[in-house]
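Student: Sharing a structure here in structure tokens format.
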Amino acid sequence: MFGICVYDASVSAQPLVAGAVLAGGTCGSKPCWKSIAGGYRYNNKAATADGITDLKLRLSASGELHMVVKGKGAALPLPTLGLTTPVHVQLVIDDGTGKTCWQSSFTSTLKNDAAIFKASGS
């Protein structure tokens, strides 16, 4: 299982978002996961179970994880936007024998208002 968690520096209950992506299975008539250049892509147009529709994971030559997460629908647990920086996004991978975590922190944003949070970070 893959888990996505979002935290910010507000006084709101944390994590603001906690969503799961299954590690296998089919989405429609195709496998949910496929190999792409440098990584993997999850594509679930139905947005089941937690509303995540697209997850791209790429590992750079220097060992940095690049992640893009998209979602939609009533099942997607959205926080009230604009978020209070710093914002921390975690990817948790649980393979049944242990957990591995990656985190990216955003101290500044490209856009952060009542409609969208967009940032690029480390």
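Ordered as shown in the structure tokens, chains take letters A, B, and onward, while each chain numbers its residues from 1 and ligands are numbered from 1 in the order shown.
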Write out as a list in words each polymer residue whose atoms come within 7 Å of A:Ala20, counting only C-alpha atoms; drop sequence neighbours fewer than 3 positions from it.
Tutor: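 The contact residues come out as Met1, Phe2, Gly3, Ile4 and Asp50 of chain A.
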Student: Quick one: write out the picked residues with N, CA and C atoms as a JSON list (two decimals), in the first residue's frame?
Tutor:
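The result, written out as selection-v7.json:
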[["chain", "number", "residue", "atom", "x", "y", "z"],
["A", 1, "MET", "N", 0.83, -1.17, 0.00],
["A", 1, "MET", "CA", 0.00, 0.00, 0.00],
["A", 1, "MET", "C", 0.88, 1.24, 0.00],
["A", 2, "PHE", "N", 0.41, 2.26, -0.69],
["A", 2, "PHE", "CA", 1.07, 3.57, -0.69],
["A", 2, "PHE", "C", 0.16, 4.53, 0.05],
["A", 3, "GLY", "N", 0.73, 5.35, 0.90],
["A", 3, "GLY", "CA", -0.04, 6.36, 1.61],
["A", 3, "GLY", "C", 0.53, 7.74, 1.31],
["A", 4, "ILE", "N", -0.37, 8.71, 1.15],
["A", 4, "ILE", "CA", 0.00, 10.10, 0.93],
["A", 4, "ILE", "C", -0.54, 10.89, 2.11],
["A", 50, "ASP", "N", -9.61, 6.49, -2.24],
["A", 50, "ASP", "CA", -9.50, 7.78, -1.54],
["A", 50, "ASP", "C", -9.44, 8.98, -2.48]]
Student: Give me the residues within 10 Å of stretch 83-87 of chain A as a list in words, counting only C-alpha atoms and dropping any in the same chain fewer than 2 places off.
Tutor: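 Those residues are Val6, Tyr7, Asp8, Ala9, Ser10, Val11, Ser12, Leu16, Pro79, Thr80, Leu81, Val89, Ser104, Ser105, Phe106, Thr107, Ser108, Thr109, Asn112, Asp113, Ala114, Ile116, Phe117, Ala119 and Gly121 of chain A.
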Student: What does the file look like for those residues with N, CA and C atoms, as an mmCIF file, in the first residue's frame?
Tutor:
data_model
loop_
_atom_site.group_PDB
_atom_site.id
_atom_site.type_symbol
_atom_site.label_atom_id
_atom_site.label_comp_id
_atom_site.auth_asym_id
_atom_site.auth_seq_id
_atom_site.Cartn_x
_atom_site.Cartn_y
_atom_site.Cartn_z
ATOM 1 N N VAL A 6 -0.457 14.870 4.058
ATOM 2 C CA VAL A 6 -0.115 16.287 3.927
ATOM 3 C C VAL A 6 -0.292 16.945 5.289
ATOM 4 N N TYR A 7 0.753 17.667 5.711
ATOM 5 C CA TYR A 7 0.758 18.391 6.978
ATOM 6 C C TYR A 7 1.081 19.856 6.696
ATOM 7 N N ASP A 8 0.542 20.760 7.503
ATOM 8 C CA ASP A 8 0.977 22.151 7.412
ATOM 9 C C ASP A 8 1.228 22.690 8.812
ATOM 10 N N ALA A 9 1.568 23.978 8.899
ATOM 11 C CA ALA A 9 1.920 24.583 10.185
ATOM 12 C C ALA A 9 0.727 25.242 10.876
ATOM 13 N N SER A 10 -0.483 24.962 10.408
ATOM 14 C CA SER A 10 -1.674 25.549 11.023
ATOM 15 C C SER A 10 -2.019 24.824 12.319
ATOM 16 N N VAL A 11 -3.039 25.333 13.005
ATOM 17 C CA VAL A 11 -3.515 24.694 14.233
ATOM 18 C C VAL A 11 -4.572 23.628 13.935
ATOM 19 N N SER A 12 -4.848 23.381 12.650
ATOM 20 C CA SER A 12 -5.821 22.361 12.254
ATOM 21 C C SER A 12 -5.324 20.977 12.639
ATOM 22 N N LEU A 16 -3.556 16.918 7.467
ATOM 23 C CA LEU A 16 -4.691 17.539 6.787
ATOM 24 C C LEU A 16 -5.314 16.580 5.785
ATOM 25 N N PRO A 79 -8.196 19.504 2.364
ATOM 26 C CA PRO A 79 -8.154 20.473 3.461
ATOM 27 C C PRO A 79 -8.691 21.817 2.982
ATOM 28 N N THR A 80 -8.949 22.694 3.908
ATOM 29 C CA THR A 80 -9.295 24.057 3.549
ATOM 30 C C THR A 80 -8.027 24.736 3.037
ATOM 31 N N LEU A 81 -8.100 25.289 1.837
ATOM 32 C CA LEU A 81 -6.947 25.958 1.234
ATOM 33 C C LEU A 81 -7.001 27.431 1.572
ATOM 34 N N VAL A 89 4.724 17.035 2.651
ATOM 35 C CA VAL A 89 4.014 15.967 1.956
ATOM 36 C C VAL A 89 4.843 14.702 2.114
ATOM 37 N N SER A 104 8.752 15.659 1.382
ATOM 38 C CA SER A 104 9.168 16.902 0.757
ATOM 39 C C SER A 104 8.541 18.039 1.540
ATOM 40 N N SER A 105 9.308 19.098 1.758
ATOM 41 C CA SER A 105 8.822 20.242 2.527
ATOM 42 C C SER A 105 8.801 21.481 1.644
ATOM 43 N N PHE A 106 7.751 22.266 1.794
ATOM 44 C CA PHE A 106 7.555 23.457 0.982
ATOM 45 C C PHE A 106 7.463 24.670 1.901
ATOM 46 N N THR A 107 8.481 25.519 1.846
ATOM 47 C CA THR A 107 8.480 26.727 2.663
ATOM 48 C C THR A 107 7.965 27.924 1.882
ATOM 49 N N SER A 108 7.985 27.832 0.551
ATOM 50 C CA SER A 108 7.401 28.879 -0.286
ATOM 51 C C SER A 108 6.545 28.193 -1.343
ATOM 52 N N THR A 109 5.630 28.943 -1.941
ATOM 53 C CA THR A 109 4.689 28.348 -2.875
ATOM 54 C C THR A 109 4.689 29.089 -4.209
ATOM 55 N N ASN A 112 -0.944 29.634 -3.668
ATOM 56 C CA ASN A 112 -1.511 29.137 -2.414
ATOM 57 C C ASN A 112 -2.675 30.048 -2.051
ATOM 58 N N ASP A 113 -3.868 29.669 -2.527
ATOM 59 C CA ASP A 113 -5.050 30.461 -2.230
ATOM 60 C C ASP A 113 -6.219 29.528 -1.930
ATOM 61 N N ALA A 114 -7.420 30.028 -1.927
ATOM 62 C CA ALA A 114 -8.596 29.230 -1.573
ATOM 63 C C ALA A 114 -8.944 28.175 -2.617
ATOM 64 N N ILE A 116 -6.251 26.619 -4.910
ATOM 65 C CA ILE A 116 -5.154 25.731 -5.324
ATOM 66 C C ILE A 116 -3.932 25.922 -4.423
ATOM 67 N N PHE A 117 -3.237 24.801 -4.194
ATOM 68 C CA PHE A 117 -1.914 24.834 -3.572
ATOM 69 C C PHE A 117 -0.963 24.229 -4.587
ATOM 70 N N ALA A 119 3.340 24.013 -5.334
ATOM 71 C CA ALA A 119 4.676 24.332 -4.835
ATOM 72 C C ALA A 119 5.683 23.398 -5.459
ATOM 73 N N GLY A 121 9.491 21.864 -4.304
ATOM 74 C CA GLY A 121 10.353 21.880 -3.120
ATOM 75 C C GLY A 121 11.372 20.783 -3.122
#
Student: Calculated over only C-alpha atoms, which of the candidates A:Ala74, A:Val21, A:Gln14, A:Thr97 has the smallest distance to A:Asp54?
Tutor: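 Of A:Ala74, A:Val21, A:Gln14, A:Thr97, the one nearest A:Asp54, counting only C-alpha atoms, is A:Val21.
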Student: Quick one: distance from atom CA of A:Lys56 to atom CA of A:Val17 in Å, one decimal?
Tutor: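 Between atom CA of A:Lys56 and atom CA of A:Val17 the gap works out to 18.0 Å.
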Student: Where in chain A does DSSP assign strand (DSSP E), given as number ranges by chain?
Tutor: A: 2-7, 17-21, 26-27, 30-31, 33-36, 39-43, 52-59, 65-71, 87-94, 99-106, 111-112, 117-118
Student: Please provide the set of residues having any atom within 10 Å of A:Ala47, restricted to only C-alpha atoms, with same-chain residues fewer than 4 positions apart removed, written as a ChimeraX atom specification.
Tutor: /A:21,27,43,51-54,70-76
Student: Take the residues from that selection and write them out as a PDB file, in the first residue's frame, keeping C-alpha atoms.
Tutor:
ATOM      1  CA  VAL A  21      -3.288   4.010  -3.143  1.00  0.00           C
ATOM      2  CA  CYS A  27      -8.334   0.102 -12.794  1.00  0.00           C
ATOM      3  CA  ASN A  43      -3.693   5.799 -13.064  1.00  0.00           C
ATOM      4  CA  GLY A  51      -9.955   9.935  -4.651  1.00  0.00           C
ATOM      5  CA  ILE A  52      -6.384   9.721  -5.942  1.00  0.00           C
ATOM      6  CA  THR A  53      -6.456   9.442  -9.744  1.00  0.00           C
ATOM      7  CA  ASP A  54      -2.816   9.823 -10.726  1.00  0.00           C
ATOM      8  CA  LYS A  70      -3.614  14.278  -8.519  1.00  0.00           C
ATOM      9  CA  GLY A  71      -7.088  13.483  -7.294  1.00  0.00           C
ATOM     10  CA  LYS A  72     -10.769  14.314  -7.603  1.00  0.00           C
ATOM     11  CA  GLY A  73     -14.243  13.466  -6.373  1.00  0.00           C
ATOM     12  CA  ALA A  74     -16.129  13.157  -3.120  1.00  0.00           C
ATOM     13  CA  ALA A  75     -13.721  10.554  -1.698  1.00  0.00           C
ATOM     14  CA  LEU A  76     -10.746  12.917  -1.894  1.00  0.00           C
TER      15      LEU A  76
END
Student: Looking at A:Leu55, A:Ala46, A:Leu78, A:Cys101, which one is nearest to A:Trp33, with distances taken over only C-alpha atoms?
Tutor: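 The shortest atom-to-atom distance to A:Trp33 comes from A:Leu55.
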Student: What does the distance between atom CA of A:Arg58 and atom CA of A:Lys118 come to in Å, to one decimal place?
Tutor: 18.7 Å
Student: Using only C-alpha atoms, which of A:Leu110, A:Ser60, A:Gln90, A:Gly98 sits nearest A:Gly38?
Tutor: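 When distances to A:Gly38 are compared using only C-alpha atoms, the smallest one comes from A:Ser60.
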Student: Restricting the calculation to only C-alpha atoms: of A:Thr100, A:Glu64, A:Ser120, A:Gly24, which residue gets closest to A:His88?
Tutor: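 Nearest candidate to A:His88 out of A:Thr100, A:Glu64, A:Ser120, A:Gly24: A:Ser120.
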Student: Which residues are close to A:Leu57, i.e. within 9 Å by only C-alpha atoms, leaving aside same-chain residues fewer than 4 positions away? Reply as a PyMOL selection string.
Tutor: chain A and resi 36+38-42+65-69
